[in-house]
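J.: Quick one, model_11.cif (mmCIF, C-alpha atoms and all ligand atoms):
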```
data_protein
#
loop_
_atom_site.label_atom_id
_atom_site.label_comp_id
_atom_site.auth_asym_id
_atom_site.auth_seq_id
_atom_site.Cartn_x
_atom_site.Cartn_y
_atom_site.Cartn_z
CA MET A 56 137.87 110.73 83.83
CA LYS A 57 139.69 113.86 82.75
CA ILE A 58 139.69 115.88 79.54
CA LEU A 59 143.23 116.15 78.13
CA SER A 60 142.42 118.27 75.07
CA VAL A 61 139.71 119.47 72.70
CA ALA A 62 140.01 120.64 69.08
CA SER A 63 137.71 121.42 66.17
CA ALA A 64 137.89 121.66 62.39
CA MET A 65 135.18 123.52 60.53
CA PRO A 66 134.42 123.71 56.80
CA GLN A 67 136.04 126.55 54.85
CA LYS A 68 132.79 127.85 53.40
CA ARG A 69 130.86 130.42 55.44
CA VAL A 70 127.29 130.89 54.29
CA ARG A 71 125.59 134.03 55.56
CA ASN A 72 121.82 134.28 55.93
CA GLU A 73 121.62 136.65 52.97
CA GLU A 74 123.04 133.94 50.70
CA LEU A 75 120.19 131.62 51.69
CA ALA A 76 117.67 134.36 51.00
CA ALA A 77 118.96 134.39 47.42
CA PHE A 78 117.32 131.00 46.72
CA LEU A 79 114.83 130.50 49.59
CA ASP A 80 111.79 132.52 50.65
CA THR A 81 113.52 133.68 53.84
CA SER A 82 115.43 136.68 55.19
CA ASP A 83 118.39 137.51 57.40
CA GLU A 84 115.95 139.24 59.75
CA TRP A 85 113.70 136.14 60.13
CA ILE A 86 116.60 133.78 60.73
CA ARG A 87 118.40 136.08 63.21
CA THR A 88 115.35 136.94 65.28
CA ARG A 89 113.91 133.38 65.37
CA THR A 90 117.17 131.50 65.87
CA GLY A 91 120.14 133.82 66.56
CA ILE A 92 122.01 132.35 63.58
CA GLU A 93 123.98 134.78 61.38
CA GLU A 94 126.05 132.33 59.37
CA ARG A 95 127.00 128.67 59.25
CA ARG A 96 129.89 126.61 57.84
CA LEU A 97 128.94 124.12 55.14
CA LEU A 98 130.94 121.44 53.34
CA SER A 99 131.57 122.59 49.80
CA GLY A 100 133.33 121.39 46.67
CA ASP A 101 135.47 118.33 47.37
CA GLU A 102 135.73 118.95 51.12
CA ARG A 103 135.03 115.69 53.02
CA LEU A 104 133.71 115.16 56.52
CA GLU A 105 136.33 112.48 57.21
CA SER A 106 139.09 115.03 56.46
CA LEU A 107 137.63 117.51 58.94
CA ALA A 108 137.31 114.78 61.58
CA HIS A 109 140.91 113.70 60.87
CA GLN A 110 142.18 117.27 61.20
CA ALA A 111 140.31 117.81 64.51
CA ALA A 112 141.66 114.49 65.82
CA GLN A 113 145.26 115.31 64.87
CA THR A 114 145.07 118.69 66.60
CA ALA A 115 143.50 117.18 69.73
CA LEU A 116 146.18 114.47 69.89
CA SER A 117 148.97 116.99 69.45
CA ARG A 118 147.49 119.22 72.18
CA ALA A 119 147.33 116.16 74.46
CA LYS A 120 150.93 115.27 73.47
CA LEU A 121 149.82 111.79 72.46
CA ARG A 122 150.59 109.60 69.46
CA PRO A 123 147.72 107.83 67.64
CA ASP A 124 149.17 104.45 68.71
CA GLU A 125 148.68 105.44 72.36
CA LEU A 126 144.87 105.52 72.00
CA ASP A 127 142.91 102.64 73.52
CA TYR A 128 139.61 103.50 71.81
CA ILE A 129 137.99 105.86 69.32
CA LEU A 130 134.30 106.67 69.82
CA CYS A 131 132.61 108.62 67.05
CA ALA A 132 129.30 110.45 67.48
CA ASN A 133 127.79 110.88 64.02
CA VAL A 134 124.36 110.98 62.40
CA ILE A 135 125.35 110.77 58.73
CA SER A 136 128.66 110.56 56.87
CA ASP A 137 129.66 109.64 53.32
CA TYR A 138 129.62 106.02 54.43
CA ILE A 139 126.77 103.87 55.70
CA THR A 140 129.46 101.37 56.62
CA PRO A 141 132.20 101.41 57.84
CA GLY A 142 131.51 103.83 60.65
CA LEU A 143 133.24 107.20 60.40
CA GLY A 144 135.37 106.35 63.47
CA ALA A 145 136.89 103.40 61.61
CA VAL A 146 137.62 105.59 58.57
CA VAL A 147 139.37 108.22 60.70
CA GLN A 148 141.25 105.55 62.70
CA GLY A 149 142.99 104.57 59.44
CA LEU A 150 143.71 108.17 58.44
CA LEU A 151 145.29 108.77 61.84
CA GLY A 152 147.38 105.61 61.70
CA ALA A 153 145.86 104.40 64.98
CA SER A 154 145.24 100.71 65.63
CA CYS A 155 142.78 100.77 68.56
CA PRO A 156 139.19 99.51 68.46
CA CYS A 157 136.53 102.02 67.52
CA PHE A 158 132.79 102.35 67.13
CA ASP A 159 130.23 104.93 66.08
CA LEU A 160 127.14 105.95 67.99
CA ASN A 161 124.16 107.95 66.84
CA ALA A 162 122.41 109.83 69.62
CA ALA A 163 121.71 112.84 67.36
CA CYS A 164 122.55 116.15 69.06
CA ALA A 165 123.17 114.42 72.39
CA GLY A 166 125.93 112.27 70.81
CA PHE A 167 128.85 113.95 72.60
CA ILE A 168 127.33 113.37 76.04
CA TYR A 169 126.50 109.73 75.22
CA ALA A 170 130.07 109.26 73.98
CA LEU A 171 131.46 110.82 77.18
CA GLN A 172 129.40 108.44 79.29
CA ALA A 173 130.49 105.42 77.21
CA ALA A 174 134.11 106.61 77.49
CA GLN A 175 133.86 106.82 81.29
CA GLY A 176 132.63 103.20 81.33
CA LEU A 177 135.51 102.06 79.07
CA LEU A 178 138.04 103.88 81.25
CA LYS A 179 136.63 102.13 84.32
CA SER A 180 137.06 98.79 82.51
CA GLY A 181 140.77 99.34 81.87
CA ALA A 182 141.20 101.73 78.92
CA LYS A 183 143.59 104.62 79.62
CA THR A 184 143.14 107.06 76.72
CA ILE A 185 140.15 107.59 74.43
CA LEU A 186 139.51 109.86 71.45
CA ILE A 187 135.92 111.09 71.13
CA LEU A 188 135.12 112.33 67.64
CA CYS A 189 131.99 114.30 66.84
CA ALA A 190 131.50 114.92 63.13
CA GLU A 191 128.33 115.96 61.35
CA MET A 192 127.29 116.83 57.80
CA ASN A 193 123.81 118.13 58.55
CA SER A 194 123.75 119.78 55.12
CA ARG A 195 123.37 116.27 53.66
CA LEU A 196 120.22 115.61 55.74
CA CYS A 197 118.40 118.82 54.86
CA ASP A 198 116.02 119.55 52.05
CA TRP A 199 117.52 122.72 50.58
CA THR A 200 114.12 123.75 49.27
CA ASP A 201 112.61 123.67 52.80
CA ARG A 202 113.15 127.03 54.56
CA ARG A 203 111.78 125.60 57.84
CA SER A 204 114.81 123.40 58.44
CA CYS A 205 117.82 123.99 56.17
CA VAL A 206 118.50 127.48 57.54
CA LEU A 207 119.10 126.03 61.02
CA PHE A 208 122.01 123.67 60.47
CA GLY A 209 125.76 123.66 59.89
CA ASP A 210 128.54 121.10 59.36
CA GLY A 211 131.78 120.50 61.27
CA ALA A 212 133.94 118.24 63.43
CA ALA A 213 135.39 118.27 66.94
CA ALA A 214 137.69 115.90 68.80
CA THR A 215 138.17 115.42 72.54
CA VAL A 216 140.84 113.31 74.22
CA VAL A 217 139.85 111.88 77.61
CA ALA A 218 141.94 109.79 79.97
CA SER A 219 141.67 107.96 83.26
CA GLY A 220 142.22 110.02 86.40
CA GLY A 221 140.36 113.00 87.82
CA GLU A 222 136.87 112.87 89.27
CA ASP A 223 133.93 110.88 87.93
CA PHE A 224 131.72 112.83 85.54
CA LEU A 225 128.07 112.76 86.64
CA PHE A 226 125.46 111.98 83.96
CA GLN A 227 121.71 112.33 83.59
CA MET A 228 120.44 110.78 80.35
CA THR A 229 116.92 110.37 78.96
CA ALA A 230 115.18 108.98 75.90
CA GLN A 231 111.50 109.22 75.06
CA SER A 232 110.88 107.65 71.69
CA ASN A 233 109.14 110.10 69.36
CA PRO A 234 110.58 109.81 65.85
CA ALA A 235 107.64 111.68 64.33
CA VAL A 236 108.71 115.14 65.53
CA LEU A 237 112.24 115.03 64.13
CA TYR A 238 113.54 112.50 61.62
CA ALA A 239 115.32 111.85 58.33
CA LYS A 240 114.84 108.56 56.45
CA ASN A 241 117.53 106.56 54.68
CA ALA A 242 117.60 105.92 50.94
CA PRO A 243 115.55 102.86 49.97
CA GLY A 244 117.46 99.75 48.91
CA ASN A 245 116.53 97.62 45.92
CA SER A 246 115.57 94.39 47.63
CA PRO A 247 112.93 92.66 45.50
CA PHE A 248 111.41 91.29 48.74
CA HIS A 249 110.87 94.44 50.77
CA ASN A 250 108.70 97.52 50.45
CA PRO A 251 110.88 100.21 52.05
CA TRP A 252 109.54 103.56 53.14
CA PRO A 253 110.52 106.27 50.70
CA ALA A 254 113.60 108.33 51.59
CA GLU A 255 112.77 111.63 53.27
CA TYR A 256 114.93 114.62 54.08
CA LEU A 257 115.04 116.04 57.58
CA THR A 258 111.53 116.73 58.78
CA MET A 259 110.88 118.58 62.00
CA ASN A 260 108.01 119.92 64.04
CA GLY A 261 109.98 122.95 65.22
CA GLN A 262 107.59 124.05 67.95
CA GLU A 263 107.35 120.57 69.50
CA VAL A 264 111.14 120.25 69.48
CA TYR A 265 111.46 123.74 70.97
CA LYS A 266 109.13 122.96 73.90
CA PHE A 267 110.82 119.61 74.50
CA ALA A 268 114.30 121.17 74.42
CA VAL A 269 113.53 123.91 76.95
CA GLY A 270 111.83 121.53 79.39
CA ALA A 271 114.43 118.79 79.03
CA ALA A 272 117.43 121.09 79.50
CA CYS A 273 115.92 122.71 82.62
CA SER A 274 115.05 119.39 84.22
CA GLY A 275 118.39 117.77 83.27
CA ILE A 276 120.38 120.66 84.76
CA ARG A 277 118.25 120.74 87.92
CA ALA A 278 118.64 116.96 88.34
CA LEU A 279 122.46 117.19 88.14
CA LEU A 280 122.52 120.00 90.69
CA GLU A 281 120.28 118.01 93.01
CA PHE A 282 122.30 114.75 92.68
CA SER A 283 125.56 116.57 93.28
CA GLY A 284 124.30 118.87 96.05
CA LEU A 285 125.94 121.81 94.22
CA SER A 286 124.34 125.21 93.79
CA THR A 287 124.37 127.10 90.49
CA LYS A 288 127.03 129.39 92.04
CA SER A 289 129.56 126.53 91.84
CA ILE A 290 129.14 126.17 88.07
CA ARG A 291 131.58 128.13 85.88
CA TYR A 292 129.61 127.63 82.65
CA PHE A 293 126.46 125.93 81.38
CA LEU A 294 127.24 124.68 77.88
CA LEU A 295 123.98 123.98 76.08
CA HIS A 296 123.54 122.34 72.69
CA GLN A 297 123.43 125.21 70.21
CA ALA A 298 120.10 124.61 68.44
CA ASN A 299 118.44 127.99 68.80
CA LEU A 300 119.48 131.07 70.78
CA ARG A 301 115.90 131.44 72.02
CA ILE A 302 116.01 127.93 73.52
CA ILE A 303 119.22 128.83 75.40
CA GLU A 304 117.77 132.17 76.56
CA SER A 305 114.58 130.53 77.74
CA VAL A 306 116.46 127.88 79.75
CA ARG A 307 118.68 130.57 81.26
CA GLU A 308 115.69 132.70 82.27
CA LYS A 309 113.85 129.76 83.80
CA LEU A 310 116.93 128.94 85.88
CA GLY A 311 117.31 132.63 86.81
CA LEU A 312 120.98 132.84 85.78
CA ALA A 313 123.22 135.48 84.15
CA PRO A 314 123.84 135.48 80.36
CA SER A 315 127.62 135.34 80.94
CA LEU A 316 127.22 131.78 82.30
CA PHE A 317 125.82 130.54 78.96
CA PRO A 318 128.45 130.99 76.22
CA THR A 319 127.09 130.67 72.67
CA ASN A 320 128.49 130.26 69.18
CA ILE A 321 125.34 129.38 67.25
CA GLN A 322 125.57 132.85 65.66
CA ARG A 323 128.61 131.69 63.65
CA TYR A 324 127.98 127.97 63.16
CA GLY A 325 124.24 127.25 63.32
CA ASN A 326 123.18 123.91 64.78
CA THR A 327 126.08 121.48 64.32
CA SER A 328 124.36 118.63 66.20
CA SER A 329 126.81 116.56 68.33
CA VAL A 330 129.66 118.94 67.43
CA SER A 331 128.18 122.03 69.07
CA ILE A 332 129.23 121.43 72.70
CA PRO A 333 132.83 120.28 72.03
CA LEU A 334 133.16 123.19 69.58
CA LEU A 335 132.17 125.56 72.40
CA LEU A 336 134.60 123.81 74.76
CA ASP A 337 137.39 124.24 72.23
CA GLU A 338 136.67 127.96 71.91
CA LEU A 339 136.62 128.41 75.69
CA PHE A 340 139.90 126.49 76.17
CA GLN A 341 141.60 128.37 73.33
CA GLY A 342 140.29 131.69 74.68
CA GLY A 343 141.85 130.96 78.10
CA LYS A 344 138.43 130.97 79.76
CA LEU A 345 138.73 127.60 81.52
CA LYS A 346 141.07 126.46 84.28
CA PRO A 347 141.57 123.36 86.41
CA GLY A 348 138.87 123.03 89.05
CA ASP A 349 136.20 124.74 86.95
CA GLN A 350 132.91 122.86 87.13
CA LEU A 351 130.83 122.71 83.95
CA ILE A 352 127.34 121.48 83.14
CA LEU A 353 126.81 120.27 79.57
CA SER A 354 123.24 119.82 78.32
CA ALA A 355 122.22 118.42 74.93
CA PHE A 356 118.86 117.46 73.43
CA GLY A 357 117.77 116.29 70.03
CA ALA A 358 116.16 113.67 67.81
CA GLY A 359 115.05 110.49 69.52
CA LEU A 360 114.00 112.35 71.51
CA GLN A 361 117.18 111.94 73.54
CA THR A 362 118.94 114.10 76.05
CA GLY A 363 122.31 113.97 77.75
CA ASN A 364 123.40 116.12 80.68
CA CYS A 365 126.81 116.00 82.31
CA LEU A 366 128.45 117.65 85.31
CA LEU A 367 132.24 117.62 85.26
CA SER A 368 135.14 119.18 87.04
CA LEU A 369 138.18 120.11 84.90
CA ALA A 370 141.36 118.37 86.07
N1 LIG A 401 112.16 132.08 56.78
C1 LIG A 401 111.02 132.77 56.78
N2 LIG A 401 109.86 132.29 57.28
C2 LIG A 401 109.90 131.04 57.81
C3 LIG A 401 111.07 130.27 57.84
C4 LIG A 401 112.24 130.83 57.29
N3 LIG A 401 113.42 130.19 57.27
N4 LIG A 401 110.79 129.09 58.43
C5 LIG A 401 109.49 129.11 58.76
N5 LIG A 401 108.95 130.29 58.38
C6 LIG A 401 107.59 130.75 58.54
C7 LIG A 401 106.61 129.63 58.73
O1 LIG A 401 106.23 129.10 57.47
C8 LIG A 401 105.48 130.31 59.44
O2 LIG A 401 104.71 131.02 58.49
P1 LIG A 401 103.10 131.01 58.57
O3 LIG A 401 102.79 131.63 59.91
O4 LIG A 401 102.73 131.82 57.40
O5 LIG A 401 102.71 129.57 58.51
C9 LIG A 401 106.19 131.35 60.31
O6 LIG A 401 107.52 131.51 59.75
C10 LIG A 401 106.33 130.95 61.76
O7 LIG A 401 106.81 129.62 61.82
P2 LIG A 401 107.02 128.89 63.18
O8 LIG A 401 107.41 127.47 62.91
O9 LIG A 401 105.84 129.17 64.07
O10 LIG A 401 108.26 129.70 63.77
P3 LIG A 401 108.94 129.55 65.17
O11 LIG A 401 109.00 130.86 65.83
O12 LIG A 401 108.43 128.37 65.94
O13 LIG A 401 110.45 129.21 64.77
C11 LIG A 401 111.96 127.37 64.62
C12 LIG A 401 110.73 128.03 64.03
C13 LIG A 401 113.15 128.32 64.48
C14 LIG A 401 112.24 126.09 63.82
C15 LIG A 401 111.72 127.06 66.10
O14 LIG A 401 110.48 126.41 66.28
C16 LIG A 401 112.80 126.22 66.68
O15 LIG A 401 113.93 126.64 66.81
N6 LIG A 401 112.50 124.98 67.11
C17 LIG A 401 113.47 124.11 67.62
C18 LIG A 401 114.17 123.51 66.47
C19 LIG A 401 115.39 122.81 66.88
O16 LIG A 401 115.98 123.12 67.88
N7 LIG A 401 115.77 121.85 66.08
C20 LIG A 401 116.89 121.10 66.24
C21 LIG A 401 116.95 120.44 67.59
S1 LIG A 401 117.37 118.83 67.49
C22 LIG A 401 118.70 118.83 66.65
O17 LIG A 401 119.56 119.63 66.92
C23 LIG A 401 118.77 117.86 65.49
#
```
Let me see the structure of the file written as structure tokens.

T.:
Amino acid sequence: MKILSVASAMPQKRVRNEELAAFLDTSDEWIRTRTGIEERRLLSGDERLESLAHQAAQTALSRAKLRPDELDYILCANVISDYITPGLGAVVQGLLGASCPCFDLNAACAGFIYALQAAQGLLKSGAKTILILCAEMNSRLCDWTDRRSCVLFGDGAAATVVASGGEDFLFQMTAQSNPAVLYAKNAPGNSPFHNPWPAEYLTMNGQEVYKFAVGAACSGIRALLEFSGLSTKSIRYFLLHQANLRIIESVREKLGLAPSLFPTNIQRYGNTSSVSIPLLLDELFQGGKLKPGDQLILSAFGAGLQTGNCLLSLA
């Protein structure tokens, strides 16, 4: 598999920590020191997630010099969109004017890595070109009266075009079911036969998630290095899911590596779930910081609890 292009499209509205402190019992100082976040982008007014995803997809296709009708598949990593059904990938397929099959997958913050692994399987079974969309409206999941969670998240979309060719990507995936530490529950229906659980906004045991994230990222990265026989010196960048700067720092320290190997953008976007790693990739490509032959390790962790780790070499 090889990556042909990456692009992102973020909401217009920047919300700085101080703006949250205007209606929540929080402060810029608390949010910065506990998370590293300075601001986030949030959907506002009539802005729609599907439009952001469409814009990211169009840019990625144009960078890959491909037409929508040349796609063999669209995979969309998404936790929540304006639709329960159809999946967001099917909505964006129509906006693009593509005609290929598509499906959505929800692996929370590890969605991009799960989509990459699924794409590699589809390419091995005959597909030639696949669009991976990651699009998240975390602001819809959060309780905006709960300072423990809503300050952490942001919205956005990213698109990645992958194609057959290049070297196999190496994956290390895990899932250990534990919905209690991080979940959001759907709106109840009105079936007269069923007693649904009440809807609940995003609920998180931050410290449990923190411990899980640090341990899982360290063991996932070590496992990839061991399987591949590579040393950390061969890796150009470690791109970690941007959930909390302290999580990234802690993983980096445990691995004994330099800060320059762990690019971050959580300061400007908060936690954008499955979008965070392709958003970082887009920034690195656009900033001229990546070249063919560079080896990258991607590491994501989130609700489930699920993790996805990937070692790839840029074609
Ligand atoms: N502003 C001010 N005070 C706050 C805020 C806030 N926004 N949020 C919590 N506090 C208070 C708490 O109420 C608590 O007060 P108390 O001691 O009087 O009870 C105090 O700050 C300390 O709270 P802790 O939860 O102990 O703070 P901690 O240092 O653990 O930081 C945090 C909390 C940032 C959530 C951290 O645990 C974390 O980052 N965990 C991982 C979360 C994460 O990564 N989630 C997403 C991953 S999965 C995914 O991406 C979907």

J.: Give as an NGL selection string the residues surrounding ligand LIG 401 (chain A) up to a distance of 9 Å, considering all atoms listed in the file.

T.: :A and (75-76 or 79-86 or 88-90 or 163-165 or 193 or 201-208 or 237-238 or 257 or 259-268 or 296-302 or 326-329 or 355-360)

J.: Which of these, A:Ser232, A:Ala214, A:Glu105, A:Leu294, has the shortest distance to Ala162 of chain A once you count all atoms listed in the file?

T.: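 Answer, going by the shortest atom-to-atom distance: A:Ser232.
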
J.: Of the residues A:Asn133, A:Thr258, A:Ser315, A:Thr184, which is the one nearest to Asp198 of chain A, using all atoms listed in the file?

T.: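 Nearest to Asp198 of chain A: A:Thr258.
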
J.: Counting all atoms listed in the file, which residue out of A:Asp124, A:Asp210, A:Glu74, A:Glu308 sits closest to Glu102 of chain A?

T.: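 With all atoms listed in the file as the atom set, the closest residue is A:Asp210.
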
J.: When you look at Ala174 of chain A with a cut-off of 9 Å (counting all atoms listed in the file), what residues show up, excluding the ones that are within fewer than 5 positions of it in the same chain? I need them as a list in words.

T.: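 Within the cut-off, the hits are Met56, Tyr128, Leu130, Tyr169, Lys179, Ala182, Ile185, Leu186, Ile187, Val217 and Ala218 of chain A.
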
J.: Give the answer as one residue: which of A:Gly221, A:Gly275, A:Gly244, A:Pro234 has the shortest atom-to-atom distance to Gly348 of chain A, using only C-alpha atoms?

T.: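 Ranked by minimum distance to Gly348 of chain A, first place goes to A:Gly221.
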
J.: Could you jot down the atom CA of Arg195 of chain A to atom CA of Phe78 of chain A separation for me, Å, one decimal place?

T.: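 Distance reported for this atom pair: 17.4 Å.
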
J.: Which residues come within 12 Å of Leu366 of chain A, counting only C-alpha atoms, excluding same-chain residues fewer than 2 positions away, as number ranges by chain?

T.: A: 56, 168, 171-172, 222-228, 275-285, 287, 289-294, 349-354, 363-364, 368-369

J.: Could you list, as a list in words, every residue within 8 Å of Ala242 of chain A, counting all atoms listed in the file and ignoring same-chain residues fewer than 4 positions away?

T.: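 Near neighbours after the sequence-gap exclusion: Pro253, Ala254 and Glu255 of chain A.
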
J.: Using all atoms listed in the file, which of A:Gly325, A:Gly91, A:Gly142, A:Gly220 sits nearest Gly181 of chain A?

T.: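 Between A:Gly325, A:Gly91, A:Gly142, A:Gly220, the residue approaching Gly181 of chain A most closely is A:Gly220.
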